[in-house]
Amino acid sequence: MPDDAMIEAPTKTDVEALIKGKFGSKAVFRQTTKKNSKADNEGRRLYIDTDRDTLYELCQYVHDRLNFEHIIAVTGVDWVDHMQTVYHITNYLTGMVVEITTDIPNDDPHVRSVSDIWEGANWHEREAYELFGIIFDNHPKLERLLTPKSYEFYPFRKSYKLRGQPDE
Amino acid sequence: MGYDSILNWVTFDNPVNNAFYPFEVYNVPYDIGAKLWELLGGTIAWLINLLIPGNGLSTWLVSDAVVNAFAIILMVVVIFAVGFIVNLTMIWQERKVMGRGMDRRGTKIGPLGYLQCLGDGLKTFMKENVVPKSIDKKIYWWALALIIGTAVLAACMIPLSDRWFIMDYHAGILMVYALFALAPFFILGASWAQNNKYSMMAGFRAAELMISYEIPMLILMTAVILQTGSFNINSIVNAQSEMWFMVPQIIGFFTFFVCAVAESERSPFDLAEAESELVEGWQTEYAGMKWGLIMLGDYFRGYVCCGLIVILYMGGWLLPFGYGGTAVPELVFLAKIFAVFFFFIMARLAIPRVRIDQILNVGWKVLMPLSVINLLLVVVMQTGGLI
Amino acid sequence: MSELSRTGYQTDKMWVTMGPQHPFSHGLWTLRIKVDGEYILDAEPEVGYLHRGWEKECENRTYAKIIPMADRLCYSASMTWSHLYCKVAEEALDIELPERAQYLRVIADEICRIQSHLMWLAALGTDLGNLTIFLWCLREREFFLDLNVRLCGQRLTTNYPRIGGVRNDMPYYFERDCMRVVDRFENSLWDIINLTDESSVFVSRLKGISYLTKKQVANLGITGPAMRGCGVDYDVRRDDPYAAYDKLDFEVPVLKDGDAYARYRVRVEEMFQSCEIIRQAFNALQKIPKTAPYRLKVSKNIPAGTHMAHIEDPRGDALMYLVSDGSGSPYRLKVRSPVFVNVSASKAMLDGCRIADIPAVMAMIDMCLGETDR
């Protein structure tokens with residue numbers, strides 16, 4: 001099969017082999033330890049850790065070559081010493097979900113936006129921006145979405161305490 | 001001079017004998033008006049005569065000229081009152097039938113829910129008069145007054161029988177239709193005056209709709225007039241004494257029905273007030289009692305449409321199959337109006353709203369050719385001697 | 001492009017704001033559209049009026065207390081959201097649900113699906129101007145809400161699933177009542193279809209507007225019946241099964257046309273399929289002994305790790321992503337709402353439509369603001 005043809009319905013072993021082949025050590029596969037998870041046992045989940053420089057290429061590869069057409073969500077997580085973005089991407093034909101996690105340093109919270117690969121990520125990235133302060137480069141319209149435009153803080157960061165939460 | 005009995009002053013004589021009697025045939029509202037005035041004016045005249053016997057004012061009050069004048073005024077009031085009550089009954093009918101169709105009660109107050117409309121009217125009457133600041137005042141108020149005014153005028157001009165009319169004009173049907181067709185202009189004016197994007201869009205839509213549906217209606221009316229040979233409403237009705245015009249002009253009947261539903265701005269053609277798209281459409285800024293009057297005006301126009309259908313196609317106040325007139329032709333006419341309105345309500349119950357371009361498509365591409373075909377059929381049948 | 005010659009002011013294309021208070025928008029959101037006469041050139045939805053900071057609030061609560069909160073994510077399809085939350089917690093605890101609980105959850109989900117679709121159909125009828133559809137659909141919906149009451153005591157925000165199972169076993173009369181309602185519904189839905197599908201006005205309002213291709217749908221992230229009406233054959237219940245769905249045999253309606261009418265047909269057909277699923281689930285339940293457990297005891301703390309779960313909500317593909325840190329409260333709980341993404345694709349959906357088509361097209365997403373804004 002030619003090198004850049006799209007595989008319509010890749011199995012879990014296919015995906016692992018192809019990604020390892022192309023990205024080597026940059027894409028780290030987390031092994032799942034769950035015994036009772038139906039999806040894990042039937043090979044429909046894959047968890048990948050990557051760094052933010054390879055993120056865009058990996059997403060492109062997963063979309064173009066492996067036919068993962070649908071991005072479910074882009075999540076932001078605030079681990080106090082660094083941030084994280086998590087991408088969940090699905091393949092319609094196999095029902096497989098790939099979870100890609102990227103660490104982002106606190107002092108330089110930039111990461112390349114994937115909204116030109118999947119337009120469905122557009123609003124998710126806006127939401128992650130307004131709630132966590134993660135800046136997505138090359139996003140067409142990075143503005144506040146759910147919170148009022150006049151807010152200047154990022155509500156979902158751990159540094160923002162809700163009323164009733166004890167201050168450390 | 002002896003004691004003058006009141007019966008000298010209050011004499012219920014035949015109004016036709018009045019020197020100034022304006023009509024050619026017996027007219028019931030005029031009669032009611034004349035009798036009312038004789039009661040009222042005659043009593044006043046008698047009282048004044050008791051105080052000042054033989055004065056000129058009393059005799060003047062019961063003279064022919066004065067009786068005639070007041071009879072005409074009261075005749076108009078009677079006709080309006082009856083029209084108004086018929087209209088309220090039509091609103092009640094609509095609410096009840098729509099309610100039952102939707103598996104709910106409809107109206108509640110009064111026997112069978114009849115007095116609900118009165119209650120709602122009272123409530124609307126007591127609402128605050130809210131007027132936006134940046135409207136065009138002249139057009140705002142004048143358009144409102146004219147919409148309702150012409151609607152009521154057209155409704156009063158529809159005769160309920162050959163002895164219940166305001167005026168037996170020789171071009172009666174044209175007169176009614178002319179007043180009825182003035183509405184699009186006032187709607188455009190009203191929508192412009194409100195200084196509101198939505199109202200303007202809705203006003204355009206409503207005007208478009210009405211203008212395009214008036215043309216098939218006119219062509220269909222021409223066919224009926226051709227078959228009758230006269231514009232007079234009486235003649236049209238009397239020409240249907242053997243066979244209702246619905247039978248030879250069946251295509252015309254259904255086409256006129258659709259046009260009438262469209263002209264009275266009812267669902268499925270009520271896009272001018274399409275609540276889910278443009279809030280209230282061209283009535284957005286008319287709040288409270290003004291909106292109540294516009295809604296009433298809409299129902300008056302619905303009444304005019306039903307009246308036109310009954311006069312043109314369903315034999316007016318005559319019974320079918322050549323049975324001819326009855327003792328109370330007014331009730332026959334009203335029964336037919338309610339029957340036609342029932343089908344208007346059914347159309348509203350079952351059919352969702354049609355989009356503006358689809359409505360114009362139907363109006364120009366389907367209804368107008370049908371009305372011309374109808375006219376053609378009538379001409380052919382007349383020259384062939386069938387009708 | 002017409003301009004006033006003196007000032008250069010654009011006079012033909014204008015931005016119209018529909019909302020936030022507007023009869024057709026079921027919920028509080030604004031749709032700004034750029035119109036040229038009657039045609040729409042651009043659309044921009046503005047949401048966020050109902051943003052409650054749900055995800056942050058969850059970090060303050062124990063795992064059990066979040067279940068009623070999950071109900072209020074989408075108040076008209078609450079059973080599926082609390083099911084989703086319990087599912088992600090069970091993934092984290094790595095437990096397997098007892099069979100009885102699985103089937104009960106399936107039945108409750110499908111009742112929720114039918115009830116939510118009936119509400120959608122009622123709203124669609126009103127938007128198109130036919131109030132009769134509204135009242136008849138709500139009348140049918142009342143029967144399903146009554147079933148909810150019998151099962152768990154609440155009509156809308158049911159609070160029925162628990163981490164490890166369900167709150168209570170179904171009462172002894174529930175199967176009989178449910179079968180009665182389902183049998184009646186399969187007949188009375190045909191009455192409603194006579195008002196909709198058989199009415200050429202209704203069909204002509206929906207047919208031929210708002211075409212979307214498969215590629216567009218996949219790219220924009222539109223899920224649910226809106227996606228299946230455009231030819232994409234994907235349903236989480238069948239392709240990534242959870243609860244007892246892999247043991248049940250049902251069809252997923254998919255239509256290739258891609259217009260608003262196809263999306264409407266898919267939802268109506270889904271209601272019929274849900275009736276089938278409920279029947280099969282009850283048949284399967286009869287084979288499970290009545291004393292089988294319906295709820296497992298679980299620990300209060302969830303071990304540290306990241307977990308995700310996704311289910312087929314009546315509106316699309318709903319996902320929850322849980323980051324736990326070993327304590328009794330979640331560290332981060334992310335909710336992915338299907339309507340959030342569907343509404344972001346408004347521009348593509350309204351491409352080439354007229355203003356009069358907006359209610360019809362927007363009704364196909366079935367807006368529910370609670371889950372959009374969280």
# chains A, B, ... in the order shown; residues from 1 in each chain; ligands from 1
call {"tool": "residues_around", "arguments": {"residues": "region 315-318 of chain B", "least_positions_apart": "6", "cutoff": "8 Å", "atoms": "only C-alpha atoms", "output": "ChimeraX atom specification"}}
result
/B:160-161,237-238,240-241,243-245,324-326,329-330,332-333
call {"tool": "residues_around", "arguments": {"residues": "Leu145 (chain A)", "least_positions_apart": "6", "cutoff": "8 Å", "atoms": "only C-alpha atoms", "output": "PyMOL selection string"}}
result
(chain A and resi 123+126-127+130) or (chain C and resi 46-48)
call {"tool": "residues_around", "arguments": {"residues": "region 4-10 of chain A", "least_positions_apart": "2", "cutoff": "7 Å", "atoms": "only C-alpha atoms", "output": "list in words"}}
result
Pro2, Lys12, Asp14, Val15, Asp64, Arg65, Leu66, Asn67, Leu93 and Thr94 of chain A
call {"tool": "write_last_selection", "arguments": {"atoms": "N, CA and C atoms", "output": "tab-separated table (two decimals), in the first residue's frame"}}
result
chain	number	residue	atom	x	y	z
A	2	PRO	N	0.60	2.26	-0.79
A	2	PRO	CA	1.47	3.44	-0.86
A	2	PRO	C	1.57	4.11	0.49
A	12	LYS	N	-6.49	-1.53	16.40
A	12	LYS	CA	-5.66	-0.91	17.43
A	12	LYS	C	-4.18	-1.19	17.17
A	14	ASP	N	-2.78	-1.78	14.31
A	14	ASP	CA	-2.37	-0.98	13.15
A	14	ASP	C	-1.99	0.41	13.58
A	15	VAL	N	-2.88	1.02	14.35
A	15	VAL	CA	-2.66	2.41	14.74
A	15	VAL	C	-1.38	2.52	15.56
A	64	ASP	N	-5.31	12.48	8.59
A	64	ASP	CA	-5.19	12.21	7.16
A	64	ASP	C	-5.00	10.75	6.87
A	65	ARG	N	-4.12	10.10	7.64
A	65	ARG	CA	-3.75	8.73	7.28
A	65	ARG	C	-4.65	7.70	7.93
A	66	LEU	N	-5.05	7.97	9.16
A	66	LEU	CA	-5.76	6.93	9.90
A	66	LEU	C	-7.27	7.17	9.95
A	67	ASN	N	-7.74	8.20	9.27
A	67	ASN	CA	-9.19	8.40	9.10
A	67	ASN	C	-9.90	8.65	10.43
A	93	LEU	N	-15.66	4.49	11.66
A	93	LEU	CA	-15.89	3.14	11.15
A	93	LEU	C	-15.56	2.07	12.18
A	94	THR	N	-14.58	2.32	13.05
A	94	THR	CA	-14.25	1.30	14.04
A	94	THR	C	-14.79	1.65	15.41
call {"tool": "closest_atom_pairs", "arguments": {"of": "chain A", "to": "chain C", "cutoff": "7 Å", "atoms": "only C-alpha atoms", "output": "JSON lines"}}
result
{"residue": "A:Lys34", "atom": "CA", "partner": "C:Asp94", "partner_atom": "CA", "distance": 6.0}
{"residue": "A:Lys35", "atom": "CA", "partner": "C:Asp94", "partner_atom": "CA", "distance": 6.7}
{"residue": "A:Asn36", "atom": "CA", "partner": "C:Asp94", "partner_atom": "CA", "distance": 5.6}
{"residue": "A:Ser37", "atom": "CA", "partner": "C:Glu91", "partner_atom": "CA", "distance": 6.3}
{"residue": "A:Ala39", "atom": "CA", "partner": "C:Asp240", "partner_atom": "CA", "distance": 6.9}
{"residue": "A:Glu69", "atom": "CA", "partner": "C:Ala218", "partner_atom": "CA", "distance": 5.8}
{"residue": "A:His70", "atom": "CA", "partner": "C:Ala218", "partner_atom": "CA", "distance": 5.4}
{"residue": "A:Ile71", "atom": "CA", "partner": "C:Gly221", "partner_atom": "CA", "distance": 6.3}
{"residue": "A:Ile72", "atom": "CA", "partner": "C:Gly221", "partner_atom": "CA", "distance": 6.9}
{"residue": "A:Ala73", "atom": "CA", "partner": "C:Arg336", "partner_atom": "CA", "distance": 6.2}
{"residue": "A:Thr75", "atom": "CA", "partner": "C:Lys334", "partner_atom": "CA", "distance": 6.9}
{"residue": "A:Val77", "atom": "CA", "partner": "C:Arg332", "partner_atom": "CA", "distance": 6.9}
{"residue": "A:Tyr92", "atom": "CA", "partner": "C:Tyr234", "partner_atom": "CA", "distance": 5.9}
{"residue": "A:Gly95", "atom": "CA", "partner": "C:Asp239", "partner_atom": "CA", "distance": 5.2}
{"residue": "A:Trp118", "atom": "CA", "partner": "C:Asn219", "partner_atom": "CA", "distance": 5.1}
{"residue": "A:Glu119", "atom": "CA", "partner": "C:Leu220", "partner_atom": "CA", "distance": 4.9}
{"residue": "A:Gly120", "atom": "CA", "partner": "C:Leu220", "partner_atom": "CA", "distance": 4.2}
{"residue": "A:Trp123", "atom": "CA", "partner": "C:Ser344", "partner_atom": "CA", "distance": 6.8}
{"residue": "A:Leu145", "atom": "CA", "partner": "C:Gly48", "partner_atom": "CA", "distance": 6.5}
{"residue": "A:Leu146", "atom": "CA", "partner": "C:Gly48", "partner_atom": "CA", "distance": 3.9}
{"residue": "A:Thr147", "atom": "CA", "partner": "C:Gly48", "partner_atom": "CA", "distance": 6.2}
{"residue": "A:Phe156", "atom": "CA", "partner": "C:Lys56", "partner_atom": "CA", "distance": 6.1}
call {"tool": "interface_residues", "arguments": {"of": "chain C", "to": "chain B", "cutoff": "8 Å", "atoms": "only C-alpha atoms", "output": "ChimeraX atom specification"}}
result
/C:22-24,125-132,135-136,195,199,201-202,205,355-356,358-359
